[in-house]
file upload_30.cif (mmCIF, C-alpha atoms)
data_coords
#
loop_
_atom_site.group_PDB
_atom_site.id
_atom_site.type_symbol
_atom_site.label_atom_id
_atom_site.label_comp_id
_atom_site.auth_asym_id
_atom_site.auth_seq_id
_atom_site.Cartn_x
_atom_site.Cartn_y
_atom_site.Cartn_z
ATOM 1 C CA MET A 1 23.752 -26.637 -0.922
ATOM 2 C CA ALA A 2 24.599 -23.776 -3.318
ATOM 3 C CA SER A 3 27.605 -21.577 -2.567
ATOM 4 C CA ARG A 4 27.452 -18.605 -0.217
ATOM 5 C CA THR A 5 28.413 -16.264 -3.067
ATOM 6 C CA VAL A 6 25.418 -17.366 -5.109
ATOM 7 C CA PHE A 7 23.158 -17.043 -2.087
ATOM 8 C CA THR A 8 24.382 -13.506 -1.375
ATOM 9 C CA GLN A 9 23.668 -12.498 -4.959
ATOM 10 C CA GLU A 10 20.209 -14.059 -4.831
ATOM 11 C CA MET A 11 19.383 -12.047 -1.700
ATOM 12 C CA LYS A 12 20.557 -8.867 -3.422
ATOM 13 C CA ASN A 13 18.399 -9.670 -6.434
ATOM 14 C CA LEU A 14 15.438 -10.316 -4.151
ATOM 15 C CA ASP A 15 15.992 -6.953 -2.494
ATOM 16 C CA GLN A 16 15.965 -5.204 -5.877
ATOM 17 C CA GLU A 17 12.738 -6.938 -6.813
ATOM 18 C CA MET A 18 11.172 -5.711 -3.579
ATOM 19 C CA ILE A 19 12.277 -2.146 -4.309
ATOM 20 C CA GLN A 20 10.616 -2.391 -7.723
ATOM 21 C CA MET A 21 7.397 -3.785 -6.297
ATOM 22 C CA GLY A 22 7.318 -1.122 -3.588
ATOM 23 C CA ALA A 23 7.745 1.635 -6.169
ATOM 24 C CA LEU A 24 4.998 0.077 -8.272
ATOM 25 C CA ALA A 25 2.572 -0.043 -5.341
ATOM 26 C CA GLU A 26 3.320 3.616 -4.562
ATOM 27 C CA THR A 27 2.695 4.580 -8.182
ATOM 28 C CA MET A 28 -0.657 2.811 -8.108
ATOM 29 C CA ILE A 29 -1.812 4.774 -5.060
ATOM 30 C CA LYS A 30 -0.682 8.085 -6.526
ATOM 31 C CA THR A 31 -2.362 7.299 -9.834
ATOM 32 C CA GLY A 32 -5.480 5.982 -8.106
ATOM 33 C CA THR A 33 -5.930 9.110 -5.994
ATOM 34 C CA LYS A 34 -5.375 11.346 -9.028
ATOM 35 C CA ALA A 35 -7.986 9.394 -10.950
ATOM 36 C CA PHE A 36 -10.438 9.743 -8.072
ATOM 37 C CA VAL A 37 -9.915 13.475 -7.531
ATOM 38 C CA GLU A 38 -9.422 14.633 -11.113
ATOM 39 C CA GLY A 39 -11.833 12.280 -12.845
ATOM 40 C CA ASP A 40 -9.499 11.713 -15.796
ATOM 41 C CA PRO A 41 -10.364 8.446 -17.638
ATOM 42 C CA GLN A 42 -6.817 8.053 -18.938
ATOM 43 C CA TYR A 43 -5.761 6.931 -15.491
ATOM 44 C CA LEU A 44 -8.067 3.907 -15.615
ATOM 45 C CA GLU A 45 -6.228 2.377 -18.560
ATOM 46 C CA GLU A 46 -2.907 3.123 -16.895
ATOM 47 C CA MET A 47 -4.103 1.398 -13.728
ATOM 48 C CA LYS A 48 -4.977 -1.773 -15.633
ATOM 49 C CA ASN A 49 -1.393 -2.023 -16.881
ATOM 50 C CA LEU A 50 0.046 -1.272 -13.446
ATOM 51 C CA ASP A 51 -2.238 -3.874 -11.872
ATOM 52 C CA TYR A 52 -0.920 -6.521 -14.262
ATOM 53 C CA GLU A 53 2.695 -5.526 -13.518
ATOM 54 C CA LEU A 54 1.985 -5.760 -9.790
ATOM 55 C CA HIS A 55 0.536 -9.252 -10.203
ATOM 56 C CA VAL A 56 3.625 -10.381 -12.128
ATOM 57 C CA MET A 57 5.960 -8.920 -9.505
ATOM 58 C CA ASP A 58 4.027 -10.611 -6.714
ATOM 59 C CA GLN A 59 4.302 -14.010 -8.400
ATOM 60 C CA THR A 60 7.971 -13.485 -9.296
ATOM 61 C CA ILE A 61 9.036 -12.549 -5.774
ATOM 62 C CA GLU A 62 7.020 -15.342 -4.178
ATOM 63 C CA LYS A 63 8.702 -17.901 -6.449
ATOM 64 C CA HIS A 64 12.106 -16.375 -5.795
ATOM 65 C CA CYS A 65 11.599 -16.634 -2.025
ATOM 66 C CA LEU A 66 10.533 -20.260 -2.232
ATOM 67 C CA ASP A 67 13.483 -21.086 -4.501
ATOM 68 C CA ILE A 68 15.888 -19.479 -2.025
ATOM 69 C CA ILE A 69 14.415 -21.487 0.849
ATOM 70 C CA ALA A 70 14.575 -24.733 -1.110
ATOM 71 C CA LEU A 71 18.055 -24.277 -2.597
ATOM 72 C CA HIS A 72 19.930 -22.356 0.111
ATOM 73 C CA GLN A 73 18.162 -23.285 3.369
ATOM 74 C CA PRO A 74 18.715 -19.839 4.938
ATOM 75 C CA LEU A 75 19.017 -19.520 8.718
ATOM 76 C CA ALA A 76 18.548 -16.823 11.364
ATOM 77 C CA VAL A 77 18.294 -13.295 9.933
ATOM 78 C CA ASP A 78 18.319 -14.524 6.336
ATOM 79 C CA LEU A 79 15.370 -16.799 6.979
ATOM 80 C CA ARG A 80 13.542 -13.966 8.751
ATOM 81 C CA THR A 81 14.195 -11.725 5.769
ATOM 82 C CA VAL A 82 12.784 -14.184 3.259
ATOM 83 C CA SER A 83 9.778 -15.093 5.391
ATOM 84 C CA SER A 84 9.060 -11.404 6.084
ATOM 85 C CA ILE A 85 9.222 -10.613 2.377
ATOM 86 C CA LEU A 86 6.652 -13.309 1.673
ATOM 87 C CA LYS A 87 4.262 -11.455 3.977
ATOM 88 C CA ILE A 88 5.202 -7.943 2.873
ATOM 89 C CA ILE A 89 4.462 -8.668 -0.802
ATOM 90 C CA THR A 90 0.900 -9.547 0.214
ATOM 91 C CA ASP A 91 0.528 -6.093 1.772
ATOM 92 C CA LEU A 92 2.121 -4.378 -1.229
ATOM 93 C CA ASN A 93 -0.257 -6.268 -3.489
ATOM 94 C CA ARG A 94 -3.274 -5.158 -1.466
ATOM 95 C CA ILE A 95 -2.031 -1.554 -1.370
ATOM 96 C CA GLY A 96 -1.767 -1.513 -5.141
ATOM 97 C CA ARG A 97 -5.191 -3.099 -5.588
ATOM 98 C CA TYR A 98 -6.780 -0.505 -3.325
ATOM 99 C CA GLY A 99 -5.138 2.090 -5.543
ATOM 100 C CA ARG A 100 -7.011 0.600 -8.470
ATOM 101 C CA ASP A 101 -10.221 0.578 -6.428
ATOM 102 C CA LEU A 102 -9.742 4.302 -5.818
ATOM 103 C CA ALA A 103 -9.346 4.913 -9.530
ATOM 104 C CA GLU A 104 -12.566 3.038 -10.230
ATOM 105 C CA THR A 105 -14.582 4.900 -7.573
ATOM 106 C CA GLY A 106 -17.107 7.323 -9.004
ATOM 107 C CA ASP A 107 -17.495 8.902 -12.422
ATOM 108 C CA PRO A 108 -14.189 8.693 -14.340
ATOM 109 C CA ASP A 109 -15.148 11.674 -16.520
ATOM 110 C CA LYS A 110 -15.755 14.243 -13.789
ATOM 111 C CA SER A 111 -13.637 15.965 -11.189
ATOM 112 C CA LYS A 112 -15.325 16.259 -7.807
ATOM 113 C CA ASP A 113 -15.515 18.374 -4.691
ATOM 114 C CA VAL A 114 -13.437 16.380 -2.228
ATOM 115 C CA PRO A 115 -13.746 17.023 1.545
ATOM 116 C CA GLN A 116 -10.672 18.742 2.966
ATOM 117 C CA ALA A 117 -10.242 15.934 5.487
ATOM 118 C CA LEU A 118 -10.010 13.459 2.606
ATOM 119 C CA ILE A 119 -7.389 15.571 0.811
ATOM 120 C CA THR A 120 -5.329 15.593 3.999
ATOM 121 C CA MET A 121 -5.906 11.868 4.428
ATOM 122 C CA ILE A 122 -4.618 11.195 0.903
ATOM 123 C CA ASP A 123 -1.401 13.110 1.653
ATOM 124 C CA GLU A 124 -0.885 11.350 4.985
ATOM 125 C CA VAL A 125 -1.505 7.880 3.564
ATOM 126 C CA LEU A 126 0.873 8.463 0.643
ATOM 127 C CA LEU A 127 3.575 9.545 3.094
ATOM 128 C CA LEU A 128 2.878 6.585 5.391
ATOM 129 C CA VAL A 129 3.220 4.072 2.570
ATOM 130 C CA SER A 130 6.359 5.771 1.286
ATOM 131 C CA ASP A 131 7.959 5.620 4.746
ATOM 132 C CA ALA A 132 6.933 1.996 5.259
ATOM 133 C CA ILE A 133 8.605 1.009 1.997
ATOM 134 C CA ARG A 134 11.647 3.174 2.757
ATOM 135 C CA SER A 135 12.028 1.486 6.146
ATOM 136 C CA PHE A 136 12.410 -1.827 4.313
ATOM 137 C CA VAL A 137 14.817 -0.483 1.698
ATOM 138 C CA THR A 138 17.067 1.233 4.259
ATOM 139 C CA ARG A 139 16.490 -1.307 7.055
ATOM 140 C CA ASP A 140 15.538 1.606 9.316
ATOM 141 C CA ILE A 141 13.965 -0.021 12.361
ATOM 142 C CA GLU A 142 13.081 3.267 14.077
ATOM 143 C CA LEU A 143 11.200 4.463 11.007
ATOM 144 C CA ALA A 144 9.469 1.091 10.791
ATOM 145 C CA LYS A 145 8.401 1.342 14.451
ATOM 146 C CA SER A 146 6.933 4.807 13.855
ATOM 147 C CA ILE A 147 4.512 3.617 11.156
ATOM 148 C CA SER A 148 1.919 2.042 13.459
ATOM 149 C CA CYS A 149 2.000 5.057 15.792
ATOM 150 C CA ARG A 150 0.946 7.292 12.909
ATOM 151 C CA ASP A 151 -2.043 5.116 12.032
ATOM 152 C CA ASP A 152 -4.126 6.844 14.718
ATOM 153 C CA THR A 153 -3.904 10.063 12.689
ATOM 154 C CA ILE A 154 -5.258 8.256 9.643
ATOM 155 C CA ASP A 155 -8.130 6.816 11.672
ATOM 156 C CA GLU A 156 -9.061 10.283 12.936
ATOM 157 C CA LEU A 157 -9.012 11.672 9.389
ATOM 158 C CA TRP A 158 -11.215 8.788 8.278
ATOM 159 C CA LYS A 159 -13.773 9.641 10.986
ATOM 160 C CA LEU A 160 -13.630 13.320 10.040
ATOM 161 C CA THR A 161 -14.095 12.524 6.343
ATOM 162 C CA LEU A 162 -17.075 10.338 7.214
ATOM 163 C CA LYS A 163 -18.648 13.187 9.215
ATOM 164 C CA GLU A 164 -17.982 15.809 6.526
ATOM 165 C CA SER A 165 -19.346 13.542 3.797
ATOM 166 C CA LEU A 166 -22.503 12.663 5.726
ATOM 167 C CA ASP A 167 -23.123 16.350 6.502
ATOM 168 C CA TYR A 168 -22.650 17.137 2.808
ATOM 169 C CA ILE A 169 -25.167 14.443 1.823
ATOM 170 C CA LYS A 170 -27.728 15.717 4.344
ATOM 171 C CA GLU A 171 -27.356 19.293 3.131
ATOM 172 C CA ASN A 172 -27.737 18.275 -0.514
ATOM 173 C CA GLN A 173 -30.014 15.239 -0.231
ATOM 174 C CA LYS A 174 -32.317 16.492 -3.006
ATOM 175 C CA CYS A 175 -29.446 16.454 -5.474
ATOM 176 C CA LYS A 176 -28.584 12.932 -6.653
ATOM 177 C CA THR A 177 -25.194 14.039 -7.925
ATOM 178 C CA SER A 178 -24.217 15.531 -4.569
ATOM 179 C CA VAL A 179 -25.363 12.429 -2.705
ATOM 180 C CA SER A 180 -23.263 10.317 -5.064
ATOM 181 C CA VAL A 181 -20.202 12.516 -4.532
ATOM 182 C CA GLY A 182 -20.571 12.222 -0.752
ATOM 183 C CA ALA A 183 -20.930 8.450 -0.940
ATOM 184 C CA GLU A 184 -17.849 8.202 -3.169
ATOM 185 C CA ALA A 185 -15.801 10.205 -0.657
ATOM 186 C CA ILE A 186 -16.831 7.802 2.113
ATOM 187 C CA LEU A 187 -15.838 4.804 -0.006
ATOM 188 C CA ALA A 188 -12.508 6.371 -0.974
ATOM 189 C CA SER A 189 -11.696 7.153 2.656
ATOM 190 C CA ARG A 190 -12.332 3.522 3.553
ATOM 191 C CA TYR A 191 -9.900 2.360 0.868
ATOM 192 C CA LEU A 192 -7.296 4.799 2.179
ATOM 193 C CA GLU A 193 -7.825 3.592 5.738
ATOM 194 C CA ARG A 194 -7.200 0.017 4.606
ATOM 195 C CA ILE A 195 -4.074 1.081 2.699
ATOM 196 C CA ALA A 196 -2.754 2.612 5.928
ATOM 197 C CA ASP A 197 -3.402 -0.671 7.747
ATOM 198 C CA HIS A 198 -1.321 -2.537 5.182
ATOM 199 C CA ALA A 199 1.459 0.051 5.522
ATOM 200 C CA CYS A 200 1.442 -0.681 9.268
ATOM 201 C CA ASN A 201 1.766 -4.393 8.511
ATOM 202 C CA ILE A 202 4.833 -3.627 6.407
ATOM 203 C CA GLY A 203 6.367 -1.587 9.219
ATOM 204 C CA ASP A 204 5.735 -4.419 11.675
ATOM 205 C CA GLY A 205 7.236 -6.881 9.214
ATOM 206 C CA VAL A 206 10.397 -4.805 8.900
ATOM 207 C CA VAL A 207 10.738 -4.604 12.694
ATOM 208 C CA PHE A 208 10.514 -8.398 12.938
ATOM 209 C CA MET A 209 12.852 -8.896 9.993
ATOM 210 C CA ILE A 210 15.562 -6.766 11.611
ATOM 211 C CA SER A 211 15.141 -7.563 15.305
ATOM 212 C CA GLY A 212 13.390 -10.909 15.404
ATOM 213 C CA GLN A 213 10.814 -9.376 17.778
ATOM 214 C CA ARG A 214 7.152 -8.916 17.055
ATOM 215 C CA PRO A 215 5.945 -5.337 17.733
ATOM 216 C CA MET A 216 3.661 -4.975 20.736
ATOM 217 C CA ILE A 217 -0.012 -4.491 19.774
#
call {"tool": "encode", "arguments": {"input": "upload_30.cif", "output": "structure tokens"}}
result
Amino acid sequence: MASRTVFTQEMKNLDQEMIQMGALAETMIKTGTKAFVEGDPQYLEEMKNLDYELHVMDQTIEKHCLDIIALHQPLAVDLRTVSSILKIITDLNRIGRYGRDLAETGDPDKSKDVPQALITMIDEVLLLVSDAIRSFVTRDIELAKSISCRDDTIDELWKLTLKESLDYIKENQKCKTSVSVGAEAILASRYLERIADHACNIGDGVVFMISGQRPMI
């Protein structure tokens, strides 16, 4: 078995890799929502590069976790940390990919009238993801526990966006462009709702990593 000093350094390196991947996933959501709202095509090319970086980080961290398990045989909290990271990177990967989906929703050359509920939802989801990642970085179990509680707010905003978008489509059903804009808002809100779900998974993963207890559903 490798020395404890080497193991400690490997865990620190793994932590740094997770911080990088978390920051990358956050960047992808911010860029994706800007691309959706502003309709600037430059964001699409940027998202392709970010998506590739995310894929590389995902593969790198997964390999690092498996190497640590094989070479150091971690126990107790260390094993929980590594196993939790293996799950959390899946959620970070999905968060980033949904960011790309947002960027690819609708006409990339046109800004659009976005329902107010969706604007609020974007802000809330960005904050939720940021706090979920911060709870891992700082090992803040109380912050991690709060993530799932805030998901109800996101769900309500999703329902409100759906209603506003459907009303908009009904009022402008003779205009193909307006119908398209309403449909795009519905699709974007669904992506955001899924991003929030993955943020909740991260929060739950951090709670387990720190306490060894699975959050109550």
call {"tool": "axis_aligned_box", "arguments": {"input": "upload_30.cif", "around": "region 170-175 of chain A", "padding_each_side": "4 Å", "output": "JSON"}}
result
{"center_x": -29.8, "center_y": 17.3, "center_z": -0.6, "size_x": 13.0, "size_y": 12.1, "size_z": 17.8}
call {"tool": "closest_residue", "arguments": {"input": "upload_30.cif", "among": "A:Met11, A:Val206, A:Ala196, A:Ile85", "to": "Leu143 (chain A)", "atoms": "only C-alpha atoms"}}
result
A:Val206
call {"tool": "residues_around", "arguments": {"input": "upload_30.cif", "residues": "Asn201 (chain A)", "least_positions_apart": "3", "cutoff": "12 Å", "atoms": "all atoms listed in the file", "output": "ChimeraX atom specification"}}
result
/A:84-85,87-92,94-95,128-129,132-133,136,144-149,151,194-198,204-208,214-215,217
call {"tool": "resolve_selection", "arguments": {"input": "upload_30.cif", "expression": "the PyMOL selection byres ((chain A and resi 4) around 12)", "output": "tab-separated table (two decimals) with C-alpha atoms, in the coordinates of the input"}}
result
chain	number	residue	atom	x	y	z
A	1	MET	CA	23.75	-26.64	-0.92
A	2	ALA	CA	24.60	-23.78	-3.32
A	3	SER	CA	27.60	-21.58	-2.57
A	5	THR	CA	28.41	-16.26	-3.07
A	6	VAL	CA	25.42	-17.37	-5.11
A	7	PHE	CA	23.16	-17.04	-2.09
A	8	THR	CA	24.38	-13.51	-1.38
A	9	GLN	CA	23.67	-12.50	-4.96
A	10	GLU	CA	20.21	-14.06	-4.83
A	11	MET	CA	19.38	-12.05	-1.70
A	68	ILE	CA	15.89	-19.48	-2.02
A	71	LEU	CA	18.06	-24.28	-2.60
A	72	HIS	CA	19.93	-22.36	0.11
A	73	GLN	CA	18.16	-23.28	3.37
A	74	PRO	CA	18.72	-19.84	4.94
A	78	ASP	CA	18.32	-14.52	6.34
call {"tool": "resolve_selection", "arguments": {"input": "upload_30.cif", "expression": "the PyMOL selection byres ((chain A and resi 77) around 8)", "output": "ChimeraX atom specification"}}
result
/A:75-76,78-81,209-210,212
call {"tool": "closest_residue", "arguments": {"input": "upload_30.cif", "among": "A:Asp15, A:Asp113, A:Asp155, A:Asp58", "to": "Val125 (chain A)", "atoms": "only C-alpha atoms"}}
result
A:Asp155
call {"tool": "atom_distance", "arguments": {"input": "upload_30.cif", "atom1": "CA of Tyr168 (chain A)", "atom2": "CA of Gly182 (chain A)"}}
result
6.4 Å
call {"tool": "residues_around", "arguments": {"input": "upload_30.cif", "residues": "Glu17 (chain A)", "least_positions_apart": "6", "cutoff": "12 Å", "atoms": "all atoms listed in the file", "output": "PyMOL selection string"}}
result
chain A and resi 10-11+23-24+54+56-65+85+89+137
call {"tool": "resolve_selection", "arguments": {"input": "upload_30.cif", "expression": "the PyMOL selection byres ((chain A and resi 186) around 12)", "output": "PyMOL selection string"}}
result
chain A and resi 102+105-106+114-115+117-118+121+157-169+179-185+187-193
call {"tool": "atom_distance", "arguments": {"input": "upload_30.cif", "atom1": "CA of Gly39 (chain A)", "atom2": "CA of Ile122 (chain A)"}}
result
15.6 Å
call {"tool": "closest_atom_pairs", "arguments": {"input": "upload_30.cif", "of": "region 52-136 of chain A", "to": "region 32-36 of chain A", "cutoff": "6 Å", "atoms": "all atoms listed in the file", "output": "Markdown table"}}
result
| residue | atom | partner | partner_atom | distance |
| --- | --- | --- | --- | --- |
| A:Gly99 | CA | A:Gly32 | CA | 4.7 |
| A:Arg100 | CA | A:Gly32 | CA | 5.6 |
| A:Leu102 | CA | A:Gly32 | CA | 5.1 |
| A:Ala103 | CA | A:Gly32 | CA | 4.3 |
call {"tool": "closest_residue", "arguments": {"input": "upload_30.cif", "among": "A:Leu126, A:Glu104, A:Gln16, A:Ser83", "to": "Glu46 (chain A)", "atoms": "all atoms listed in the file"}}
result
A:Glu104
call {"tool": "closest_residue", "arguments": {"input": "upload_30.cif", "among": "A:Leu66, A:Leu44, A:Ile154, A:Met28", "to": "Arg97 (chain A)", "atoms": "all atoms listed in the file"}}
result
A:Met28
call {"tool": "atom_distance", "arguments": {"input": "upload_30.cif", "atom1": "CA of Gly96 (chain A)", "atom2": "CA of Thr27 (chain A)"}}
result
8.1 Å
call {"tool": "closest_residue", "arguments": {"input": "upload_30.cif", "among": "A:Met47, A:Ala25, A:Ile141, A:Leu86", "to": "Gly203 (chain A)", "atoms": "all atoms listed in the file"}}
result
A:Ile141
call {"tool": "closest_residue", "arguments": {"input": "upload_30.cif", "among": "A:Cys200, A:Val82, A:Cys175, A:Val37", "to": "Ala70 (chain A)", "atoms": "all atoms listed in the file"}}
result
A:Val82
